[in-house]
Each structure stands twice: as structure tokens, then as C-alpha cells.
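Dumped coords-v1.pdb below, it's PDB, C-alpha atoms, pLDDT in the B column:
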ATOM      1  CA  MET A  10       2.740  64.574   0.770  1.00 45.00           C
ATOM      2  CA  LYS A  11      -0.700  65.597   1.870  1.00 49.00           C
ATOM      3  CA  MET A  12      -3.731  63.428   1.296  1.00 47.00           C
ATOM      4  CA  THR A  13      -7.303  64.580   1.499  1.00 55.00           C
ATOM      5  CA  MET A  14      -9.859  62.580   3.471  1.00 52.00           C
ATOM      6  CA  LYS A  15     -11.486  61.639   0.179  1.00 52.00           C
ATOM      7  CA  LYS A  16      -8.236  60.118  -1.130  1.00 47.00           C
ATOM      8  CA  ILE A  17      -7.624  58.269   2.132  1.00 44.00           C
ATOM      9  CA  THR A  18     -11.136  56.820   2.001  1.00 47.00           C
ATOM     10  CA  LEU A  19     -10.653  55.764  -1.623  1.00 48.00           C
ATOM     11  CA  LEU A  20      -7.324  54.112  -0.776  1.00 45.00           C
ATOM     12  CA  ALA A  21      -8.946  52.201   2.096  1.00 46.00           C
ATOM     13  CA  VAL A  22     -11.684  50.965  -0.224  1.00 42.00           C
ATOM     14  CA  VAL A  23      -9.084  49.768  -2.759  1.00 38.00           C
ATOM     15  CA  ILE A  24      -7.095  47.922  -0.060  1.00 40.00           C
ATOM     16  CA  LEU A  25     -10.282  46.320   1.251  1.00 42.00           C
ATOM     17  CA  ALA A  26     -11.328  45.272  -2.246  1.00 43.00           C
ATOM     18  CA  VAL A  27      -7.938  43.667  -2.925  1.00 43.00           C
ATOM     19  CA  GLY A  28      -8.154  41.873   0.396  1.00 48.00           C
ATOM     20  CA  LEU A  29     -11.556  40.479  -0.512  1.00 48.00           C
ATOM     21  CA  LEU A  30     -10.251  39.219  -3.847  1.00 54.00           C
ATOM     22  CA  VAL A  31      -7.301  37.346  -2.293  1.00 50.00           C
ATOM     23  CA  PRO A  32      -8.267  34.112  -0.480  1.00 53.00           C
ATOM     24  CA  ALA A  33      -7.561  34.116   3.231  1.00 54.00           C
ATOM     25  CA  SER A  34      -5.395  31.011   2.850  1.00 52.00           C
ATOM     26  CA  THR A  35      -3.172  32.898   0.401  1.00 57.00           C
ATOM     27  CA  LEU A  36      -2.745  35.793   2.812  1.00 53.00           C
ATOM     28  CA  LEU A  37      -1.955  33.379   5.653  1.00 54.00           C
ATOM     29  CA  ALA A  38       0.504  31.514   3.463  1.00 52.00           C
ATOM     30  CA  GLN A  39       2.341  34.759   2.790  1.00 58.00           C
ATOM     31  CA  ASN A  40       2.738  35.210   6.541  1.00 66.00           C
ATOM     32  CA  THR A  41       3.676  31.615   7.425  1.00 68.00           C
ATOM     33  CA  GLY A  42       5.956  30.935   4.486  1.00 89.00           C
ATOM     34  CA  HIS A  43       4.005  27.849   3.446  1.00 95.00           C
ATOM     35  CA  LYS A  44       2.489  27.301   0.021  1.00 96.00           C
ATOM     36  CA  THR A  45      -1.168  28.267  -0.285  1.00 96.00           C
ATOM     37  CA  ILE A  46      -2.313  24.648  -0.653  1.00 97.00           C
ATOM     38  CA  THR A  47      -0.401  23.682   2.493  1.00 97.00           C
ATOM     39  CA  GLN A  48      -1.937  26.585   4.378  1.00 97.00           C
ATOM     40  CA  GLU A  49      -5.396  25.405   3.334  1.00 97.00           C
ATOM     41  CA  LEU A  50      -4.702  22.104   5.071  1.00 98.00           C
ATOM     42  CA  ILE A  51      -3.354  23.884   8.160  1.00 97.00           C
ATOM     43  CA  THR A  52      -6.536  25.958   8.324  1.00 97.00           C
ATOM     44  CA  LEU A  53      -8.687  22.825   7.925  1.00 97.00           C
ATOM     45  CA  LEU A  54      -6.853  21.108  10.789  1.00 98.00           C
ATOM     46  CA  GLU A  55      -7.247  24.169  13.009  1.00 97.00           C
ATOM     47  CA  GLU A  56     -10.966  24.282  12.307  1.00 97.00           C
ATOM     48  CA  ARG A  57     -11.406  20.515  12.636  1.00 97.00           C
ATOM     49  CA  PRO A  58      -8.928  19.345  15.317  1.00 97.00           C
ATOM     50  CA  GLU A  59     -10.278  15.782  15.171  1.00 97.00           C
ATOM     51  CA  ILE A  60      -8.863  15.512  11.639  1.00 97.00           C
ATOM     52  CA  ALA A  61      -5.529  16.800  12.914  1.00 98.00           C
ATOM     53  CA  VAL A  62      -5.513  14.021  15.518  1.00 97.00           C
ATOM     54  CA  MET A  63      -6.138  11.413  12.828  1.00 98.00           C
ATOM     55  CA  LEU A  64      -3.449  12.840  10.543  1.00 98.00           C
ATOM     56  CA  LYS A  65      -0.940  12.786  13.402  1.00 98.00           C
ATOM     57  CA  GLU A  66      -1.844   9.176  14.101  1.00 98.00           C
ATOM     58  CA  SER A  67      -1.412   8.250  10.437  1.00 98.00           C
ATOM     59  CA  LEU A  68       2.020   9.909  10.365  1.00 98.00           C
ATOM     60  CA  GLU A  69       2.989   8.113  13.578  1.00 98.00           C
ATOM     61  CA  LYS A  70       2.005   4.753  12.113  1.00 98.00           C
ATOM     62  CA  ALA A  71       3.989   5.486   8.971  1.00 97.00           C
ATOM     63  CA  LYS A  72       6.942   6.439  11.183  1.00 97.00           C
ATOM     64  CA  SER A  73       6.704   3.151  13.070  1.00 98.00           C
ATOM     65  CA  ILE A  74       6.909   1.289   9.758  1.00 97.00           C
ATOM     66  CA  ASN A  75       9.752   3.412   8.402  1.00 95.00           C
ATOM     67  CA  PRO A  76      11.589   5.539  10.990  1.00 96.00           C
ATOM     68  CA  ASP A  77      14.348   6.526   8.549  1.00 93.00           C
ATOM     69  CA  LEU A  78      14.375  10.319   8.130  1.00 92.00           C
ATOM     70  CA  VAL A  79      16.011  10.089   4.714  1.00 87.00           C
ATOM     71  CA  THR A  80      13.314   7.973   3.082  1.00 88.00           C
ATOM     72  CA  ASN A  81      10.489   9.103   5.386  1.00 93.00           C
ATOM     73  CA  PRO A  82      11.109  12.759   6.267  1.00 93.00           C
ATOM     74  CA  ALA A  83       7.473  13.658   7.108  1.00 95.00           C
ATOM     75  CA  GLN A  84       7.170  12.201  10.605  1.00 95.00           C
ATOM     76  CA  ASP A  85       5.084  14.886  12.310  1.00 96.00           C
ATOM     77  CA  LEU A  86       2.770  17.710  11.269  1.00 96.00           C
ATOM     78  CA  GLU A  87       5.464  20.361  10.883  1.00 96.00           C
ATOM     79  CA  SER A  88       7.703  18.178   8.729  1.00 96.00           C
ATOM     80  CA  TYR A  89       4.609  17.059   6.804  1.00 96.00           C
ATOM     81  CA  TYR A  90       3.811  20.688   5.993  1.00 97.00           C
ATOM     82  CA  THR A  91       7.364  21.194   4.742  1.00 95.00           C
ATOM     83  CA  TYR A  92       7.070  18.055   2.644  1.00 94.00           C
ATOM     84  CA  LEU A  93       3.782  19.279   1.125  1.00 96.00           C
ATOM     85  CA  ASP A  94       5.379  22.589   0.173  1.00 96.00           C
ATOM     86  CA  SER A  95       7.943  20.681  -1.884  1.00 92.00           C
ATOM     87  CA  ALA A  96       5.538  18.047  -3.210  1.00 92.00           C
ATOM     88  CA  SER A  97       3.154  20.679  -4.581  1.00 94.00           C
ATOM     89  CA  GLN A  98       5.922  21.917  -6.896  1.00 92.00           C
ATOM     90  CA  LEU A  99       7.694  18.657  -7.585  1.00 88.00           C
ATOM     91  CA  ILE A 100       9.104  18.110 -11.051  1.00 85.00           C
ATOM     92  CA  PRO A 101       8.365  14.386 -11.388  1.00 77.00           C
ATOM     93  CA  GLN A 102      11.842  13.112 -12.213  1.00 66.00           C
ATOM     94  CA  GLN A 103      13.860  15.519 -10.080  1.00 48.00           C
ATOM     95  CA  ILE A 104      13.523  13.657  -6.793  1.00 45.00           C
ATOM     96  CA  LEU A 105      17.153  12.591  -6.528  1.00 43.00           C
ATOM     97  CA  ASP A 106      20.159  13.052  -8.790  1.00 45.00           C
ATOM     98  CA  VAL A 107      20.340   9.483 -10.079  1.00 44.00           C
ATOM     99  CA  PRO A 108      20.843   7.776 -13.468  1.00 46.00           C
ATOM    100  CA  ALA A 109      18.037   8.277 -15.964  1.00 44.00           C
ATOM    101  CA  VAL A 110      17.087   4.590 -15.943  1.00 43.00           C
ATOM    102  CA  LEU A 111      15.689   5.062 -12.430  1.00 44.00           C
ATOM    103  CA  ILE A 112      13.393   7.954 -13.351  1.00 48.00           C
ATOM    104  CA  ARG A 113      10.251   5.818 -13.676  1.00 53.00           C
ATOM    105  CA  ASP A 114      10.908   4.154 -10.327  1.00 54.00           C
ATOM    106  CA  GLN A 115      11.333   7.594  -8.732  1.00 60.00           C
ATOM    107  CA  ILE A 116       8.044   8.867 -10.134  1.00 66.00           C
ATOM    108  CA  LEU A 117       6.254   5.803  -8.780  1.00 65.00           C
ATOM    109  CA  GLN A 118       8.086   6.097  -5.464  1.00 69.00           C
ATOM    110  CA  SER A 119       7.101   9.755  -5.017  1.00 77.00           C
ATOM    111  CA  ILE A 120       3.428   8.944  -5.566  1.00 83.00           C
ATOM    112  CA  CYS A 121       3.557   5.865  -3.338  1.00 88.00           C
ATOM    113  CA  TYR A 122       5.242   7.811  -0.538  1.00 91.00           C
ATOM    114  CA  PHE A 123       2.622  10.558  -0.705  1.00 93.00           C
ATOM    115  CA  TYR A 124      -0.146   8.018  -0.093  1.00 95.00           C
ATOM    116  CA  PHE A 125       1.892   5.876   2.315  1.00 95.00           C
ATOM    117  CA  LEU A 126       1.679   8.741   4.803  1.00 96.00           C
ATOM    118  CA  ILE A 127      -2.115   9.048   4.668  1.00 97.00           C
ATOM    119  CA  ASP A 128      -3.166   5.467   3.971  1.00 96.00           C
ATOM    120  CA  GLN A 129      -2.469   4.005   7.414  1.00 97.00           C
ATOM    121  CA  PRO A 130      -5.500   2.226   8.970  1.00 97.00           C
ATOM    122  CA  LEU A 131      -7.222   4.246  11.695  1.00 97.00           C
ATOM    123  CA  THR A 132      -9.647   2.753  14.210  1.00 96.00           C
ATOM    124  CA  GLU A 133     -11.565   6.065  14.313  1.00 95.00           C
ATOM    125  CA  LEU A 134     -12.624   5.562  10.707  1.00 96.00           C
ATOM    126  CA  GLU A 135     -13.728   1.950  10.935  1.00 96.00           C
ATOM    127  CA  GLY A 136     -17.340   1.197  10.107  1.00 94.00           C
ATOM    128  CA  ARG A 137     -18.006   4.453   8.228  1.00 94.00           C
ATOM    129  CA  GLY A 138     -18.453   2.816   4.860  1.00 93.00           C
ATOM    130  CA  TYR A 139     -15.250   4.254   3.398  1.00 94.00           C
ATOM    131  CA  PHE A 140     -13.299   2.242   0.844  1.00 92.00           C
ATOM    132  CA  LYS A 141     -10.577   1.962   3.475  1.00 94.00           C
ATOM    133  CA  ASN A 142     -10.284   3.360   6.990  1.00 96.00           C
ATOM    134  CA  GLY A 143      -7.427   5.718   6.113  1.00 97.00           C
ATOM    135  CA  ILE A 144      -7.571   9.484   6.472  1.00 97.00           C
ATOM    136  CA  GLN A 145      -7.324   9.983   2.720  1.00 96.00           C
ATOM    137  CA  TYR A 146     -10.925   8.724   2.499  1.00 97.00           C
ATOM    138  CA  HIS A 147     -12.292  11.139   5.109  1.00 97.00           C
ATOM    139  CA  PRO A 148     -14.568  13.461   3.056  1.00 96.00           C
ATOM    140  CA  LEU A 149     -13.019  16.758   4.178  1.00 97.00           C
ATOM    141  CA  PHE A 150      -9.453  15.528   3.849  1.00 98.00           C
ATOM    142  CA  SER A 151     -10.341  13.960   0.507  1.00 97.00           C
ATOM    143  CA  GLU A 152     -11.655  17.325  -0.721  1.00 98.00           C
ATOM    144  CA  TRP A 153      -8.333  18.894   0.212  1.00 98.00           C
ATOM    145  CA  LEU A 154      -6.481  16.119  -1.657  1.00 97.00           C
ATOM    146  CA  VAL A 155      -8.326  17.079  -4.836  1.00 97.00           C
ATOM    147  CA  LYS A 156      -7.227  20.688  -4.330  1.00 98.00           C
ATOM    148  CA  PHE A 157      -3.654  19.491  -3.788  1.00 97.00           C
ATOM    149  CA  ALA A 158      -3.729  17.568  -7.067  1.00 95.00           C
ATOM    150  CA  ASP A 159      -5.056  20.685  -8.809  1.00 97.00           C
ATOM    151  CA  ALA A 160      -2.314  22.830  -7.254  1.00 97.00           C
ATOM    152  CA  TRP A 161       0.393  20.428  -8.402  1.00 95.00           C
ATOM    153  CA  GLY A 162      -1.174  20.229 -11.853  1.00 95.00           C
ATOM    154  CA  ASN A 163      -1.249  24.017 -12.074  1.00 97.00           C
ATOM    155  CA  PHE A 164       2.457  24.140 -11.237  1.00 96.00           C
ATOM    156  CA  LEU A 165       3.176  21.586 -13.954  1.00 95.00           C
ATOM    157  CA  ASP A 166       1.487  24.012 -16.355  1.00 97.00           C
ATOM    158  CA  THR A 167       4.163  26.635 -15.632  1.00 97.00           C
ATOM    159  CA  GLU A 168       7.524  27.008 -17.342  1.00 96.00           C
ATOM    160  CA  ALA A 169       9.224  26.459 -13.979  1.00 94.00           C
ATOM    161  CA  SER A 170       8.248  22.786 -14.292  1.00 94.00           C
ATOM    162  CA  TRP A 171      10.331  22.165 -17.416  1.00 94.00           C
ATOM    163  CA  THR A 172      14.090  22.649 -17.630  1.00 91.00           C
ATOM    164  CA  PRO A 173      16.883  21.477 -19.939  1.00 91.00           C
ATOM    165  CA  LYS A 174      17.874  19.002 -17.214  1.00 88.00           C
ATOM    166  CA  THR A 175      14.326  17.651 -17.116  1.00 89.00           C
ATOM    167  CA  PHE A 176      14.302  17.113 -20.866  1.00 92.00           C
ATOM    168  CA  ARG A 177      17.770  15.550 -20.873  1.00 91.00           C
ATOM    169  CA  GLN A 178      16.888  12.985 -18.221  1.00 86.00           C
ATOM    170  CA  PHE A 179      13.797  11.850 -20.097  1.00 89.00           C
ATOM    171  CA  TYR A 180      15.646  11.897 -23.424  1.00 91.00           C
ATOM    172  CA  ASP A 181      18.503   9.769 -22.099  1.00 88.00           C
ATOM    173  CA  ASP A 182      16.130   7.046 -20.868  1.00 84.00           C
ATOM    174  CA  PRO A 183      15.276   4.872 -23.908  1.00 85.00           C
ATOM    175  CA  ASN A 184      12.103   3.683 -22.182  1.00 79.00           C
ATOM    176  CA  PHE A 185      10.448   7.016 -23.007  1.00 83.00           C
ATOM    177  CA  GLY A 186      11.128   6.668 -26.748  1.00 86.00           C
ATOM    178  CA  LEU A 187      12.206  10.263 -27.343  1.00 91.00           C
ATOM    179  CA  GLN A 188      15.211   9.148 -29.393  1.00 90.00           C
ATOM    180  CA  ILE A 189      12.953   7.329 -31.858  1.00 88.00           C
ATOM    181  CA  GLU A 190      11.612  10.668 -33.121  1.00 86.00           C
ATOM    182  CA  TRP A 191       7.970   9.684 -32.909  1.00 89.00           C
ATOM    183  CA  TYR A 192       7.003  13.040 -31.486  1.00 93.00           C
ATOM    184  CA  GLU A 193       6.676  16.689 -32.396  1.00 94.00           C
ATOM    185  CA  SER A 194       9.601  19.064 -31.921  1.00 94.00           C
ATOM    186  CA  PRO A 195      10.752  19.350 -28.276  1.00 94.00           C
ATOM    187  CA  ALA A 196      10.799  23.103 -28.869  1.00 95.00           C
ATOM    188  CA  ASN A 197       7.017  22.956 -28.360  1.00 96.00           C
ATOM    189  CA  TRP A 198       7.435  21.778 -24.763  1.00 96.00           C
ATOM    190  CA  LYS A 199       7.615  24.771 -22.438  1.00 96.00           C
ATOM    191  CA  THR A 200       6.013  23.053 -19.412  1.00 97.00           C
ATOM    192  CA  PHE A 201       5.996  19.530 -18.002  1.00 95.00           C
ATOM    193  CA  ASN A 202       2.344  19.082 -18.936  1.00 96.00           C
ATOM    194  CA  GLN A 203       3.082  20.030 -22.541  1.00 96.00           C
ATOM    195  CA  PHE A 204       5.742  17.320 -22.596  1.00 95.00           C
ATOM    196  CA  PHE A 205       3.448  14.825 -20.855  1.00 91.00           C
ATOM    197  CA  SER A 206       0.650  15.342 -23.421  1.00 91.00           C
ATOM    198  CA  LYS A 207       2.978  15.689 -26.398  1.00 92.00           C
ATOM    199  CA  TYR A 208       1.765  15.142 -29.949  1.00 92.00           C
ATOM    200  CA  LEU A 209       3.057  12.605 -32.448  1.00 91.00           C
ATOM    201  CA  ARG A 210       4.765  13.982 -35.537  1.00 92.00           C
ATOM    202  CA  THR A 211       2.021  12.305 -37.588  1.00 91.00           C
ATOM    203  CA  PRO A 212      -0.688   9.748 -36.703  1.00 86.00           C
ATOM    204  CA  SER A 213       1.132   7.249 -38.912  1.00 88.00           C
ATOM    205  CA  GLU A 214       3.967   7.075 -36.370  1.00 86.00           C
ATOM    206  CA  ARG A 215       1.746   5.086 -33.996  1.00 83.00           C
ATOM    207  CA  PRO A 216      -1.088   3.477 -36.001  1.00 86.00           C
ATOM    208  CA  ILE A 217      -4.009   1.962 -34.103  1.00 87.00           C
ATOM    209  CA  SER A 218      -3.840  -1.832 -34.192  1.00 88.00           C
ATOM    210  CA  TYR A 219      -6.844  -3.765 -35.551  1.00 90.00           C
ATOM    211  CA  PRO A 220      -9.268  -0.797 -35.582  1.00 88.00           C
ATOM    212  CA  GLU A 221     -12.030  -2.986 -37.027  1.00 92.00           C
ATOM    213  CA  ASP A 222     -11.736  -5.772 -34.422  1.00 94.00           C
ATOM    214  CA  PRO A 223     -13.855  -5.073 -31.299  1.00 90.00           C
ATOM    215  CA  ALA A 224     -12.124  -7.944 -29.486  1.00 91.00           C
ATOM    216  CA  ILE A 225      -8.814  -6.026 -29.461  1.00 89.00           C
ATOM    217  CA  VAL A 226      -8.244  -3.431 -26.741  1.00 84.00           C
ATOM    218  CA  VAL A 227      -5.791  -0.672 -27.643  1.00 84.00           C
ATOM    219  CA  SER A 228      -4.226   1.567 -25.014  1.00 78.00           C
ATOM    220  CA  PRO A 229      -4.766   5.301 -25.667  1.00 74.00           C
ATOM    221  CA  ALA A 230      -1.408   6.091 -23.992  1.00 72.00           C
ATOM    222  CA  ASP A 231       1.977   4.584 -23.245  1.00 68.00           C
ATOM    223  CA  TYR A 232       1.862   2.201 -20.312  1.00 71.00           C
ATOM    224  CA  GLU A 233       3.369  -0.985 -18.950  1.00 72.00           C
ATOM    225  CA  PRO A 234       0.893  -3.860 -18.432  1.00 74.00           C
ATOM    226  CA  GLN A 235       0.840  -5.158 -14.877  1.00 76.00           C
ATOM    227  CA  GLY A 236      -1.482  -8.096 -15.459  1.00 80.00           C
ATOM    228  CA  VAL A 237      -5.042  -9.162 -16.313  1.00 84.00           C
ATOM    229  CA  TRP A 238      -7.660 -10.124 -13.741  1.00 85.00           C
ATOM    230  CA  PRO A 239     -11.287 -11.284 -14.042  1.00 88.00           C
ATOM    231  CA  ILE A 240     -13.938  -8.742 -13.121  1.00 82.00           C
TER     232      ILE A 240
END
Representation of the structure as C-alpha cells:
Amino acid sequence: MKMTMKKITLLAVVILAVGLLVPASTLLAQNTGHKTITQELITLLEERPEIAVMLKESLEKAKSINPDLVTNPAQDLESYYTYLDSASQLIPQQILDVPAVLIRDQILQSICYFYFLIDQPLTELEGRGYFKNGIQYHPLFSEWLVKFADAWGNFLDTEASWTPKTFRQFYDDPNFGLQIEWYESPANWKTFNQFFSKYLRTPSERPISYPEDPAIVVSPADYEPQGVWPI
């Protein structure tokens, strides 16, 4: 097939335009096999090697506390990248194949582990006025953490985040109240986020207690009280 110089030039312009529309981190991720959000962190660490040093130190400290590869698999940068790839598309209850009654503990554990890795105290960050001298409070790393949360949230907006197994595990745990039939039809839940922000069948299913009494605090969502402390 012959192509004129005009067509070749037009094709080059189209390829260039597509390249400009696709973020560099996405293109790099396609080459490295990592998720885009993970590649953004890799790029940040390459551009700011001092942050890479601090992240390595944080992972090393976490490893010294828990050297077990089963419960602490992210013990260096490479394994941390692999962990992030999975964590950015984690379906909250599908961490391990365990009885449904342990689902809530697993969700909490997954969140705690994520921050356990990046919450280790670092001498390099002392005296900077951060809430704590852990790398998660370093401004640039903190900015990336926000992007990570957005990436995970975007995944939980996809149908890949909600499966019959996901629904069954939540349904079988009476702590989530799905068997009481408070809520709309499960047929409306196509993503995890749709399930998480599900509607009641009618407002009368969960009436607001003492709406006229300003001394009563009513939770806007299901939760388990941990305690009350003076401010």
C-alpha cells in the first residue's frame, strides 16, 4: 500500500496528538506492567531520590517490626510496587477466603497495613511541623496518596469491583443488615460504591431519632462507636 507524503504527515500528527493526550505515567505503566498510579509514584521517586530513601527506610522499619512475608509482603520498593498494583484494585472484602464474619476485620486490616508501611517514624522528618514524622505526611508523598485514594475509588466505581461472591459475603454477615431488607433492591448495585452508598427502601425504615432534640447526636451512617473523649 502506497502512502503519499501528505498522508504520512497527517498520520504523524495524529500519533503525536494521541501521545499528548495520554499522560506520560500511563505510557510508562504500559511498558513496565505496573498500574498507572504505581508508575506515578515510581516517577516521583526517580525525580526526588531523597523521598525514595525515606520510603525505603520506612519499609525497612516496618520489616523489622514484622518480618513475616505472608502478613507483610511489601518489604522493599519492588515488592511495595507490586503491593500497590493490587491495593489500587482491591475489592474490600476479598483479601483472603475466610468466613464472612471476619470481613469487617479484613477491611480494617487492609487499611491499617497500608498505613503501617508508611507511618514509621523517620529522623529526617523530625522538626518539620508535620503531624507526625512519617513519610505519609511529606507534602509530595501526601499528594500522591490523595491520587492513590482517587484511583482506588475510581476502580470501586467500575463493575469489576462488584461480583456475586462480593454480594454473598456481605449478605451472609448479619452485621451488615442486608437480610433485614432495609435497603433497595440489590439489582441496583452494579459497583462496590453503589453498594456502599445504597439507598433505603423508604426513609421510614431508619427514622431519625429525636429530630427536635439538639442534645441528641445521630449518626448519618452505620458505624460502631469506639468511645467518647473530651475535646
Practice problem: Pick out the closest residue to Phe204 of chain A from this set: A:Thr132, A:Ser88, A:Ser67, A:Thr167. Count only C-alpha atoms. | Solution: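 Closest to Phe204 of chain A of all the choices is A:Thr167.
The nearest approach to Lys44 of chain A among the residues A:Tyr146, A:Phe125, A:Trp161, A:Phe140, with only C-alpha atoms taken into account, belongs to A:Trp161.
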Centre and edge lengths, as JSON, for the axis-aligned box enclosing every listed atom of segment 80-89 of chain A with 5 Å of padding on each of the six sides, in Å to one decimal?
{"center_x": 8.0, "center_y": 14.2, "center_z": 7.7, "size_x": 20.5, "size_y": 22.4, "size_z": 19.2}
Polymer residues at most 12 Å from segment 84-86 of chain A, only C-alpha atoms, same-chain spacing of 2 or more positions, as a PDB file with C-alpha atoms, in the coordinates of the input:
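Heads up, here's the output in result_17.pdb:
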ATOM      1  CA  THR A  47      -0.401  23.682   2.493  1.00 97.00           C
ATOM      2  CA  LEU A  50      -4.702  22.104   5.071  1.00 98.00           C
ATOM      3  CA  ILE A  51      -3.354  23.884   8.160  1.00 97.00           C
ATOM      4  CA  LEU A  54      -6.853  21.108  10.789  1.00 98.00           C
ATOM      5  CA  ILE A  60      -8.863  15.512  11.639  1.00 97.00           C
ATOM      6  CA  ALA A  61      -5.529  16.800  12.914  1.00 98.00           C
ATOM      7  CA  VAL A  62      -5.513  14.021  15.518  1.00 97.00           C
ATOM      8  CA  MET A  63      -6.138  11.413  12.828  1.00 98.00           C
ATOM      9  CA  LEU A  64      -3.449  12.840  10.543  1.00 98.00           C
ATOM     10  CA  LYS A  65      -0.940  12.786  13.402  1.00 98.00           C
ATOM     11  CA  GLU A  66      -1.844   9.176  14.101  1.00 98.00           C
ATOM     12  CA  SER A  67      -1.412   8.250  10.437  1.00 98.00           C
ATOM     13  CA  LEU A  68       2.020   9.909  10.365  1.00 98.00           C
ATOM     14  CA  GLU A  69       2.989   8.113  13.578  1.00 98.00           C
ATOM     15  CA  LYS A  70       2.005   4.753  12.113  1.00 98.00           C
ATOM     16  CA  ALA A  71       3.989   5.486   8.971  1.00 97.00           C
ATOM     17  CA  LYS A  72       6.942   6.439  11.183  1.00 97.00           C
ATOM     18  CA  SER A  73       6.704   3.151  13.070  1.00 98.00           C
ATOM     19  CA  ILE A  74       6.909   1.289   9.758  1.00 97.00           C
ATOM     20  CA  ASN A  75       9.752   3.412   8.402  1.00 95.00           C
ATOM     21  CA  PRO A  76      11.589   5.539  10.990  1.00 96.00           C
ATOM     22  CA  ASP A  77      14.348   6.526   8.549  1.00 93.00           C
ATOM     23  CA  LEU A  78      14.375  10.319   8.130  1.00 92.00           C
ATOM     24  CA  VAL A  79      16.011  10.089   4.714  1.00 87.00           C
ATOM     25  CA  THR A  80      13.314   7.973   3.082  1.00 88.00           C
ATOM     26  CA  ASN A  81      10.489   9.103   5.386  1.00 93.00           C
ATOM     27  CA  PRO A  82      11.109  12.759   6.267  1.00 93.00           C
ATOM     28  CA  SER A  88       7.703  18.178   8.729  1.00 96.00           C
ATOM     29  CA  TYR A  89       4.609  17.059   6.804  1.00 96.00           C
ATOM     30  CA  TYR A  90       3.811  20.688   5.993  1.00 97.00           C
ATOM     31  CA  THR A  91       7.364  21.194   4.742  1.00 95.00           C
ATOM     32  CA  TYR A  92       7.070  18.055   2.644  1.00 94.00           C
ATOM     33  CA  LEU A  93       3.782  19.279   1.125  1.00 96.00           C
ATOM     34  CA  PHE A 125       1.892   5.876   2.315  1.00 95.00           C
ATOM     35  CA  LEU A 126       1.679   8.741   4.803  1.00 96.00           C
ATOM     36  CA  ILE A 127      -2.115   9.048   4.668  1.00 97.00           C
TER      37      ILE A 127
END
Exercise. Record the distance separating atom CA of Leu149 of chain A and atom CA of Leu165 of chain A, expressed in Å with one decimal.
Key: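 If I compute the distance from atom CA of Leu149 of chain A to atom CA of Leu165 of chain A, I get 24.8 Å.
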